[in-house]
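Source file final_1.cif; content: mmCIF, C-alpha atoms.
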data_work
#
loop_
_atom_site.label_atom_id
_atom_site.label_comp_id
_atom_site.auth_asym_id
_atom_site.auth_seq_id
_atom_site.Cartn_x
_atom_site.Cartn_y
_atom_site.Cartn_z
CA MET A 1 1.35 -27.07 -94.85
CA LEU A 2 -0.59 -27.37 -98.09
CA SER A 3 -1.94 -23.87 -97.50
CA GLU A 4 -0.29 -20.86 -96.00
CA PRO A 5 -1.15 -19.83 -92.42
CA ARG A 6 -3.59 -17.00 -91.88
CA SER A 7 -0.92 -15.25 -89.84
CA GLY A 8 1.28 -15.18 -92.93
CA GLN A 9 -1.38 -13.48 -95.02
CA LEU A 10 -2.15 -10.96 -92.28
CA ALA A 11 1.52 -10.12 -91.78
CA ALA A 12 2.41 -9.96 -95.47
CA TRP A 13 -0.50 -7.82 -96.63
CA GLY A 14 -0.56 -5.85 -93.41
CA ASN A 15 3.08 -4.94 -94.00
CA ALA A 16 2.32 -3.88 -97.57
CA LEU A 17 -0.54 -1.72 -96.31
CA LEU A 18 1.55 -0.14 -93.54
CA ALA A 19 4.20 0.70 -96.14
CA GLY A 20 1.62 2.31 -98.42
CA LEU A 21 2.12 -0.24 -101.20
CA VAL A 22 -1.48 -1.50 -101.37
CA SER A 23 -4.90 -0.08 -100.61
CA PRO A 24 -6.84 -1.10 -97.49
CA ASP A 25 -9.45 -2.86 -99.65
CA ASP A 26 -6.84 -4.92 -101.50
CA ALA A 27 -5.05 -5.82 -98.27
CA VAL A 28 -8.22 -6.95 -96.50
CA LEU A 29 -9.36 -8.94 -99.54
CA ALA A 30 -6.05 -10.82 -99.63
CA ILE A 31 -5.99 -11.44 -95.88
CA VAL A 32 -9.56 -12.75 -95.69
CA GLY A 33 -9.12 -14.98 -98.76
CA GLU A 34 -11.82 -17.65 -98.81
CA ASP A 35 -12.98 -16.94 -95.25
CA ALA A 36 -16.25 -15.11 -94.70
CA VAL A 37 -14.99 -12.40 -92.37
CA HIS A 38 -12.11 -11.48 -90.06
CA ARG A 39 -12.46 -9.34 -86.94
CA VAL A 40 -10.01 -8.14 -84.30
CA GLU A 41 -10.92 -8.19 -80.62
CA GLY A 42 -9.13 -6.60 -77.68
CA LEU A 43 -7.45 -3.72 -79.50
CA PRO A 44 -6.46 -0.85 -77.19
CA GLY A 45 -8.96 1.95 -77.60
CA GLU A 46 -11.74 -0.29 -78.95
CA SER A 47 -14.58 -1.58 -76.76
CA GLY A 48 -15.46 -4.56 -78.96
CA PRO A 49 -14.51 -6.47 -82.10
CA VAL A 50 -13.70 -4.38 -85.17
CA GLY A 51 -13.15 -5.12 -88.85
CA LEU A 52 -9.71 -5.57 -90.37
CA THR A 53 -9.63 -2.18 -92.07
CA LEU A 54 -10.26 -0.33 -88.83
CA ALA A 55 -7.97 -2.68 -86.91
CA LEU A 56 -5.00 -2.14 -89.20
CA GLY A 57 -5.55 1.61 -89.04
CA ARG A 58 -5.70 1.44 -85.24
CA LEU A 59 -2.48 -0.58 -85.10
CA ARG A 60 -0.75 2.06 -87.23
CA ALA A 61 -2.00 4.78 -84.85
CA LEU A 62 -0.63 2.77 -81.91
CA GLY A 63 2.84 2.89 -83.46
CA VAL A 64 2.96 -0.43 -85.31
CA THR A 65 5.36 -0.22 -88.25
CA GLY A 66 5.52 -3.89 -89.20
CA LEU A 67 4.14 -7.36 -88.55
CA ARG A 68 6.03 -10.57 -87.90
CA VAL A 69 4.82 -14.18 -87.98
CA ALA A 70 5.23 -16.87 -85.32
CA LEU A 71 4.58 -20.56 -86.07
CA PRO A 72 5.22 -22.31 -82.75
CA ALA A 73 5.02 -26.05 -82.10
CA PRO A 74 5.46 -28.03 -78.87
CA GLY A 75 9.02 -27.50 -77.67
CA HIS A 76 9.70 -24.94 -80.40
CA PRO A 77 8.46 -21.36 -79.70
CA LEU A 78 9.35 -20.25 -83.24
CA GLY A 79 8.95 -16.49 -83.67
CA LEU A 80 7.70 -15.83 -80.14
CA SER A 81 9.21 -13.59 -77.47
CA GLY A 82 6.77 -13.97 -74.56
CA PRO A 83 5.22 -13.51 -72.14
CA PRO A 84 4.27 -17.12 -71.33
CA GLU A 85 0.54 -16.38 -71.50
CA PHE A 86 0.77 -15.13 -75.07
CA ASN A 87 3.11 -17.96 -76.05
CA ALA A 88 0.59 -20.49 -74.73
CA ARG A 89 -2.25 -18.97 -76.74
CA ALA A 90 -0.10 -18.87 -79.87
CA LEU A 91 0.93 -22.49 -79.34
CA ASP A 92 -2.71 -23.55 -79.05
CA ALA A 93 -3.45 -21.81 -82.36
CA GLU A 94 -0.11 -22.93 -83.88
CA GLU A 95 0.39 -19.39 -85.20
CA ALA A 96 0.39 -15.72 -84.28
CA VAL A 97 1.29 -12.27 -85.55
CA VAL A 98 3.64 -10.12 -83.46
CA CYS A 99 3.65 -6.36 -83.98
CA HIS A 100 6.83 -4.37 -84.48
CA GLY A 101 6.74 -0.89 -82.97
CA ALA A 102 4.14 -1.68 -80.30
CA ALA A 103 4.09 -4.49 -77.74
CA LEU A 104 1.05 -6.26 -79.18
CA GLY A 105 0.36 -9.66 -80.69
CA LEU A 106 -2.58 -11.23 -82.50
CA VAL A 107 -3.73 -14.84 -82.20
CA PRO A 108 -6.45 -16.21 -84.51
CA GLU A 109 -9.50 -18.17 -83.39
CA VAL A 110 -11.32 -19.90 -86.23
CA TYR A 111 -15.06 -20.62 -86.22
CA GLU A 112 -17.20 -22.57 -88.65
CA ALA A 113 -20.80 -21.47 -89.03
CA GLY A 114 -23.78 -22.26 -91.22
CA PRO A 115 -25.77 -25.36 -92.19
CA ALA A 116 -24.24 -28.51 -93.66
CA GLY A 117 -23.24 -27.91 -97.24
CA ASP A 118 -23.03 -24.17 -96.73
CA VAL A 119 -20.45 -23.81 -93.97
CA HIS A 120 -18.44 -20.61 -93.87
CA VAL A 121 -15.39 -19.68 -91.81
CA GLU A 122 -15.10 -16.68 -89.52
CA VAL A 123 -11.87 -15.62 -87.83
CA VAL A 124 -11.43 -13.53 -84.69
CA TRP A 125 -7.94 -12.21 -84.02
CA HIS A 126 -7.41 -11.74 -80.28
CA CYS A 127 -5.05 -8.89 -79.42
CA HIS A 128 -2.74 -9.38 -76.43
CA ALA A 129 0.25 -7.68 -74.84
CA VAL A 130 3.62 -9.18 -75.80
CA ARG A 131 7.19 -8.79 -74.66
CA GLU A 132 9.40 -6.59 -76.82
CA ALA A 133 12.35 -8.89 -77.52
CA PRO A 134 13.95 -10.65 -80.51
CA PRO A 135 11.75 -13.49 -81.84
CA ALA A 136 12.91 -17.01 -81.01
CA ASP A 137 14.86 -19.15 -83.49
CA VAL A 138 14.14 -17.21 -86.69
CA PRO A 139 16.92 -17.67 -89.27
CA SER A 140 18.05 -15.18 -91.87
CA LEU A 141 16.80 -15.69 -95.41
CA GLY A 142 20.20 -16.97 -96.46
CA GLU A 143 20.30 -19.50 -93.63
CA ALA A 144 16.73 -20.59 -94.35
CA GLU A 145 17.46 -21.13 -98.04
CA ARG A 146 20.51 -23.28 -97.33
CA GLU A 147 18.68 -25.29 -94.68
CA LEU A 148 15.73 -25.92 -97.00
CA ALA A 149 17.89 -27.17 -99.86
CA GLU A 150 19.55 -29.65 -97.51
CA ALA A 151 16.22 -30.66 -95.95
CA LEU A 152 14.60 -31.33 -99.31
CA ARG A 153 17.52 -33.51 -100.42
CA ASP A 154 17.72 -35.39 -97.12
CA ALA A 155 13.96 -35.98 -96.88
CA THR A 156 13.72 -37.28 -100.44
CA GLU A 157 16.64 -39.62 -99.85
CA VAL A 158 15.32 -41.01 -96.58
CA LEU A 159 11.73 -41.42 -97.80
CA SER A 160 12.90 -43.10 -100.98
CA ARG A 161 14.97 -45.54 -98.94
CA LEU A 162 11.91 -46.33 -96.81
CA ASP A 163 9.77 -46.68 -99.97
CA VAL A 164 7.30 -44.06 -98.75
CA ALA A 165 4.74 -43.01 -101.33
CA GLY A 166 5.47 -39.33 -100.83
CA SER A 167 9.00 -39.60 -102.22
CA GLY A 168 8.34 -40.52 -105.85
CA PRO A 169 6.13 -39.63 -108.83
CA VAL A 170 3.02 -39.24 -106.66
CA ALA A 171 4.70 -36.47 -104.70
CA GLU A 172 6.04 -34.78 -107.82
CA ALA A 173 2.59 -34.80 -109.44
CA ALA A 174 1.01 -33.33 -106.31
CA ILE A 175 3.68 -30.65 -106.12
CA ASP A 176 3.21 -29.73 -109.79
CA ALA A 177 -0.56 -29.52 -109.33
CA TYR A 178 -0.13 -27.36 -106.23
CA ARG A 179 2.22 -25.03 -108.07
CA ALA A 180 -0.23 -24.68 -110.95
CA ARG A 181 -3.03 -23.77 -108.55
CA ALA A 182 -0.80 -21.26 -106.78
CA GLU A 183 0.15 -19.60 -110.05
CA ARG A 184 -3.51 -19.16 -110.91
CA GLY A 185 -4.30 -17.84 -107.45
CA ARG A 186 -3.08 -15.01 -105.32
CA GLU A 187 0.48 -13.88 -105.02
CA VAL A 188 2.86 -15.85 -102.83
CA LEU A 189 3.82 -12.70 -100.94
CA ALA A 190 2.52 -9.16 -100.93
CA PRO A 191 4.19 -6.29 -102.81
CA GLY A 192 7.37 -4.96 -101.21
CA TYR A 193 8.94 -8.28 -100.25
CA PRO A 194 12.46 -9.03 -101.54
CA PRO A 195 12.70 -11.67 -104.30
CA ARG A 196 14.71 -13.94 -102.02
CA ALA A 197 11.84 -14.06 -99.54
CA VAL A 198 9.49 -15.18 -102.32
CA ARG A 199 11.99 -17.86 -103.36
CA VAL A 200 12.41 -19.11 -99.79
CA LEU A 201 8.67 -19.27 -99.17
CA GLU A 202 8.08 -21.18 -102.40
CA LEU A 203 10.75 -23.71 -101.45
CA ALA A 204 9.29 -24.02 -97.94
CA GLN A 205 5.90 -24.74 -99.51
CA ARG A 206 7.47 -27.43 -101.67
CA VAL A 207 9.13 -29.07 -98.67
CA GLY A 208 5.93 -28.81 -96.65
CA LEU A 209 3.95 -30.41 -99.46
CA LEU A 210 6.40 -33.28 -99.67
CA ILE A 211 5.86 -33.91 -95.96
CA SER A 212 2.07 -33.75 -96.33
CA VAL A 213 2.02 -36.11 -99.29
CA ALA A 214 4.25 -38.56 -97.42
CA TYR A 215 1.81 -38.64 -94.52
CA GLU A 216 -1.38 -38.62 -96.57
CA ASN A 217 -0.40 -41.45 -98.93
CA GLY A 218 0.01 -44.11 -96.29
CA HIS A 219 3.10 -45.94 -95.20
CA GLY A 220 4.28 -47.15 -98.59
CA GLY A 221 6.81 -49.88 -97.94
CA ALA A 222 7.42 -48.72 -94.37
CA VAL A 223 5.19 -51.34 -92.82
CA SER A 224 7.11 -52.21 -89.67
CA ALA A 225 6.88 -50.13 -86.52
CA SER A 226 10.60 -49.39 -86.69
CA GLU A 227 10.34 -48.19 -90.29
CA MET A 228 7.34 -46.00 -89.49
CA ALA A 229 9.25 -44.54 -86.55
CA ALA A 230 12.22 -43.90 -88.82
CA ARG A 231 9.99 -42.05 -91.26
CA THR A 232 8.59 -39.87 -88.49
CA GLU A 233 12.07 -39.14 -87.21
CA ALA A 234 13.17 -38.22 -90.75
CA LEU A 235 10.24 -35.87 -91.29
CA ARG A 236 10.29 -34.07 -87.94
CA PRO A 237 13.46 -32.00 -88.50
CA VAL A 238 12.45 -31.35 -92.11
CA GLU A 239 9.09 -29.99 -91.01
CA ARG A 240 10.83 -27.81 -88.43
CA THR A 241 13.15 -26.44 -91.12
CA ALA A 242 10.21 -25.64 -93.38
CA ARG A 243 8.42 -23.74 -90.60
CA ARG A 244 11.58 -21.78 -89.78
CA ALA A 245 11.89 -20.82 -93.44
CA GLN A 246 8.26 -19.75 -93.66
CA VAL A 247 8.73 -17.42 -90.70
CA ALA A 248 11.97 -16.04 -92.13
CA ALA A 249 10.24 -15.28 -95.44
CA TYR A 250 7.23 -13.54 -93.90
CA ASN A 251 9.42 -11.59 -91.48
CA ALA A 252 11.83 -10.46 -94.19
CA PHE A 253 9.80 -7.30 -94.81
CA VAL A 254 10.37 -6.04 -91.27
CA GLU A 255 13.98 -7.22 -91.19
CA GLU A 256 14.78 -5.38 -94.44
CA ARG A 257 13.21 -2.16 -93.18
CA GLU A 258 15.10 -2.44 -89.90
CA ARG A 259 18.41 -2.85 -91.71
CA GLY A 260 17.61 0.12 -93.94
CA ALA A 261 16.85 2.28 -90.92
CA ARG A 262 20.22 1.63 -89.29
#
Would you mind writing the structure in this file as C-alpha cells?
Amino acid sequence: MLSEPRSGQLAAWGNALLAGLVSPDDAVLAIVGEDAVHRVEGLPGESGPVGLTLALGRLRALGVTGLRVALPAPGHPLGLSGPPEFNARALDAEEAVVCHGAALGLVPEVYEAGPAGDVHVEVVWHCHAVREAPPADVPSLGEAERELAEALRDATEVLSRLDVAGSGPVAEAAIDAYRARAERGREVLAPGYPPRAVRVLELAQRVGLLISVAYENGHGGAVSASEMAARTEALRPVERTARRAQVAAYNAFVEERERGAR
C-alpha cells in the first residue's frame, strides 16, 4: 500500500471530470500518472479498445454519474456487488471500479513492455456488466476514521511488543519520507472531495505504510514461528481496516452526491 491503486485514481479523477470540476486532459494525466498509456476495452458501443478521454465520455453518455472503488481480497469482497464473474476478475486484479448510474464495472490488466532498462507500463481496463446493488462492507467516513485511529494504535502497540522493525524510528522515518514525496507530487484526491475524505485517505496511507515497513524490514525480534504468526495475525485486521478506509474515502464523492440528491 505504498502507492495508491489505479482504481482509486480512475475513480477520483473520473468523478471530478463527470462533475465538471476538471478538464478531460487534466483528468487523464492524473489517472495515467507514470504509466505509458491506459485504454478501455469492452465498452458498450465501441468495437475495440479506446483511450481514456473517449471512454469517460462514453460512460457519461451511458448514464454514469459517479465511480466507486472496490479493493477485494480473498474472503473479503470489499466494494463489490456481483455478479460472481465480475467479482472473480476484480479479486484477481485486487481492485476494480464500479460505475454508479449504469450497471458497468472496470477491472485493470497491467502489462510491462519494452527492453530491459526502458520498461514502460500499459494498462487495459476491461469493462464488464455488474449487479446494481449496495457495495459490500464499505464503512462511512466517520466509521473509517474511528477504525483507523484504533488500528494505528493497536498495530503500533503489538509490533512494538514483538520488537518488529516497522514499529519504531525506521517506520517513522519511512512515513515522513513518504509524506514529503506525496506533498511534492500529485494531490491525494481530486477536486470536489470533502476534506474528511482526504484526511481518511491520508491516515489509511499511513497505516498501510506501517504495515509495509513492518513486512519489508524483516522479523525484528520476532524470530520464533509463534511470534511471526502473532505478527501476521496482528497485521491482518489492520490491513483490512486500511483497505476499508481507502474505499470509503474514494467512494465519498458518490456518497455525498447521493445524499445531496435525496
- Message: Starting from the PyMOL selection byres ((chain A and resi 235-239) around 7), expand the selection into actual residues of this file and give them as a list in words.
- Response: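 This file gives the following for the PyMOL selection byres ((chain A and resi 235-239) around 7): Ala151, Ala155, Gly208, Ile211, Arg231, Thr232, Glu233, Ala234, Arg240, Thr241, Ala242 and Arg243 of chain A.
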- Message: Report as an MDAnalysis selection string all protein, DNA and RNA residues lying within 12 Å of Val123 in chain A, evaluated on all atoms listed in the file, omitting residues in the same chain fewer than 2 positions from it.
- Response: chainID A and resid 6:7 10 31:41 49:52 93 106:113 120:121 125:126
Check which residues of range 1-58 of chain A sit at most 10 Å from range 62-66 of chain A using all atoms listed in the file, and return one row each with the closest pair of atoms and their distance in Å to one decimal, ordered by chain and rising number, as a Markdown table.
| residue | atom | partner | partner_atom | distance |
| --- | --- | --- | --- | --- |
| A:Ala11 | CA | A:Gly66 | CA | 7.8 |
| A:Ala12 | CA | A:Gly66 | CA | 9.3 |
| A:Gly14 | CA | A:Gly66 | CA | 7.7 |
| A:Asn15 | CA | A:Gly66 | CA | 5.5 |
| A:Ala16 | CA | A:Gly66 | CA | 9.0 |
| A:Leu17 | CA | A:Gly66 | CA | 9.6 |
| A:Leu18 | CA | A:Thr65 | CA | 6.5 |
| A:Ala19 | CA | A:Thr65 | CA | 8.0 |
| A:Leu43 | CA | A:Leu62 | CA | 9.7 |
| A:Pro44 | CA | A:Leu62 | CA | 8.3 |
| A:Gly45 | CA | A:Leu62 | CA | 9.4 |
| A:Leu56 | CA | A:Val64 | CA | 9.0 |
| A:Gly57 | CA | A:Leu62 | CA | 8.7 |
| A:Arg58 | CA | A:Leu62 | CA | 6.2 |
- Item | Selected residue, from A:Leu189, A:Leu71, A:Val119, A:Ala55, that lies nearest to Val247 in chain A when counting only C-alpha atoms |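 Closest residue, counting only C-alpha atoms: A:Leu71.
If all atoms listed in the file are the atoms counted, then among A:Arg199, A:Arg89, A:His76, A:Arg259 the closest residue to Arg146 in chain A is A:Arg199.
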- Task: Name every residue that the PyMOL selection byres ((chain A and resi 83) around 10) selects in this structure, writing the answer as a list in words with chains first and numbers rising.
- Result: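 Those residues are Leu80, Ser81, Gly82, Pro84, Glu85, Phe86, Asn87, Ala88, His128, Ala129, Val130, Arg131 and Glu132 of chain A.
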- Could you tell me how far CA of Ala90 in chain A lies from CA of Pro135 in chain A, in Å and to one decimal?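 According to the coordinates, CA of Ala90 in chain A and CA of Pro135 in chain A are separated by 13.2 Å.
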Neighbouring residues of Glu4 in chain A were defined as those with any atom within 10 Å, considering only C-alpha atoms; residues of the same chain fewer than 3 positions away were excluded. Please report them as a PDB file with C-alpha atoms, in the frame of the given file.
ATOM      1  CA  MET A   1       1.350 -27.070 -94.850  1.00  0.00           C
ATOM      2  CA  SER A   7      -0.920 -15.250 -89.840  1.00  0.00           C
ATOM      3  CA  GLY A   8       1.280 -15.180 -92.930  1.00  0.00           C
ATOM      4  CA  GLN A   9      -1.380 -13.480 -95.020  1.00  0.00           C
ATOM      5  CA  VAL A 188       2.860 -15.850-102.830  1.00  0.00           C
ATOM      6  CA  LEU A 201       8.670 -19.270 -99.170  1.00  0.00           C
ATOM      7  CA  GLN A 205       5.900 -24.740 -99.510  1.00  0.00           C
ATOM      8  CA  GLN A 246       8.260 -19.750 -93.660  1.00  0.00           C
TER       9      GLN A 246
END
Please evaluate the PyMOL selection byres ((chain A and resi 249) around 10) against the displayed coordinates and give the resulting residues as a JSON list (two decimals) with C-alpha atoms, in the frame of the given file.
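Contents of the output file selection-v7.json:
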[["chain", "number", "residue", "atom", "x", "y", "z"],
["A", 8, "GLY", "CA", 1.28, -15.18, -92.93],
["A", 12, "ALA", "CA", 2.41, -9.96, -95.47],
["A", 68, "ARG", "CA", 6.03, -10.57, -87.90],
["A", 69, "VAL", "CA", 4.82, -14.18, -87.98],
["A", 138, "VAL", "CA", 14.14, -17.21, -86.69],
["A", 139, "PRO", "CA", 16.92, -17.67, -89.27],
["A", 140, "SER", "CA", 18.05, -15.18, -91.87],
["A", 141, "LEU", "CA", 16.80, -15.69, -95.41],
["A", 144, "ALA", "CA", 16.73, -20.59, -94.35],
["A", 145, "GLU", "CA", 17.46, -21.13, -98.04],
["A", 189, "LEU", "CA", 3.82, -12.70, -100.94],
["A", 193, "TYR", "CA", 8.94, -8.28, -100.25],
["A", 194, "PRO", "CA", 12.46, -9.03, -101.54],
["A", 195, "PRO", "CA", 12.70, -11.67, -104.30],
["A", 196, "ARG", "CA", 14.71, -13.94, -102.02],
["A", 197, "ALA", "CA", 11.84, -14.06, -99.54],
["A", 198, "VAL", "CA", 9.49, -15.18, -102.32],
["A", 199, "ARG", "CA", 11.99, -17.86, -103.36],
["A", 200, "VAL", "CA", 12.41, -19.11, -99.79],
["A", 201, "LEU", "CA", 8.67, -19.27, -99.17],
["A", 202, "GLU", "CA", 8.08, -21.18, -102.40],
["A", 204, "ALA", "CA", 9.29, -24.02, -97.94],
["A", 243, "ARG", "CA", 8.42, -23.74, -90.60],
["A", 244, "ARG", "CA", 11.58, -21.78, -89.78],
["A", 245, "ALA", "CA", 11.89, -20.82, -93.44],
["A", 246, "GLN", "CA", 8.26, -19.75, -93.66],
["A", 247, "VAL", "CA", 8.73, -17.42, -90.70],
["A", 248, "ALA", "CA", 11.97, -16.04, -92.13],
["A", 250, "TYR", "CA", 7.23, -13.54, -93.90],
["A", 251, "ASN", "CA", 9.42, -11.59, -91.48],
["A", 252, "ALA", "CA", 11.83, -10.46, -94.19],
["A", 253, "PHE", "CA", 9.80, -7.30, -94.81],
["A", 255, "GLU", "CA", 13.98, -7.22, -91.19]]
- Task: Choose the residue, out of A:Gly117, A:Leu54, A:Val207, A:Leu104, that has the smallest atom-to-atom separation from Leu152 in chain A; count all atoms listed in the file.
- Result: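 The closest residue to Leu152 in chain A is A:Val207.
Take CA of His100 in chain A and CA of Val254 in chain A: the distance between them is 7.8 Å.
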- Message: For a quick check of understanding, using only C-alpha atoms, which of A:Ala190, A:Ala116, A:Leu78, A:Leu59 has the smallest distance to Ala27 in chain A?
- Response: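 Closest candidate: A:Ala190.
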- One residue among A:Leu209, A:Glu157, A:Pro74, A:Gly48 is nearest to Cys127 in chain A when using only C-alpha atoms, and that residue is A:Gly48
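Of note, CA of Cys99 in chain A and CA of Ala136 in chain A are spaced 14.4 Å apart.
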- For each of A:Ala30, A:Pro5, A:Gly192, A:Ser47, take the minimum atom-to-atom distance to Glu94 in chain A, counting all atoms listed in the file, then give the residue where this is smallest.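 So, comparing all the options, the nearest one is A:Pro5.
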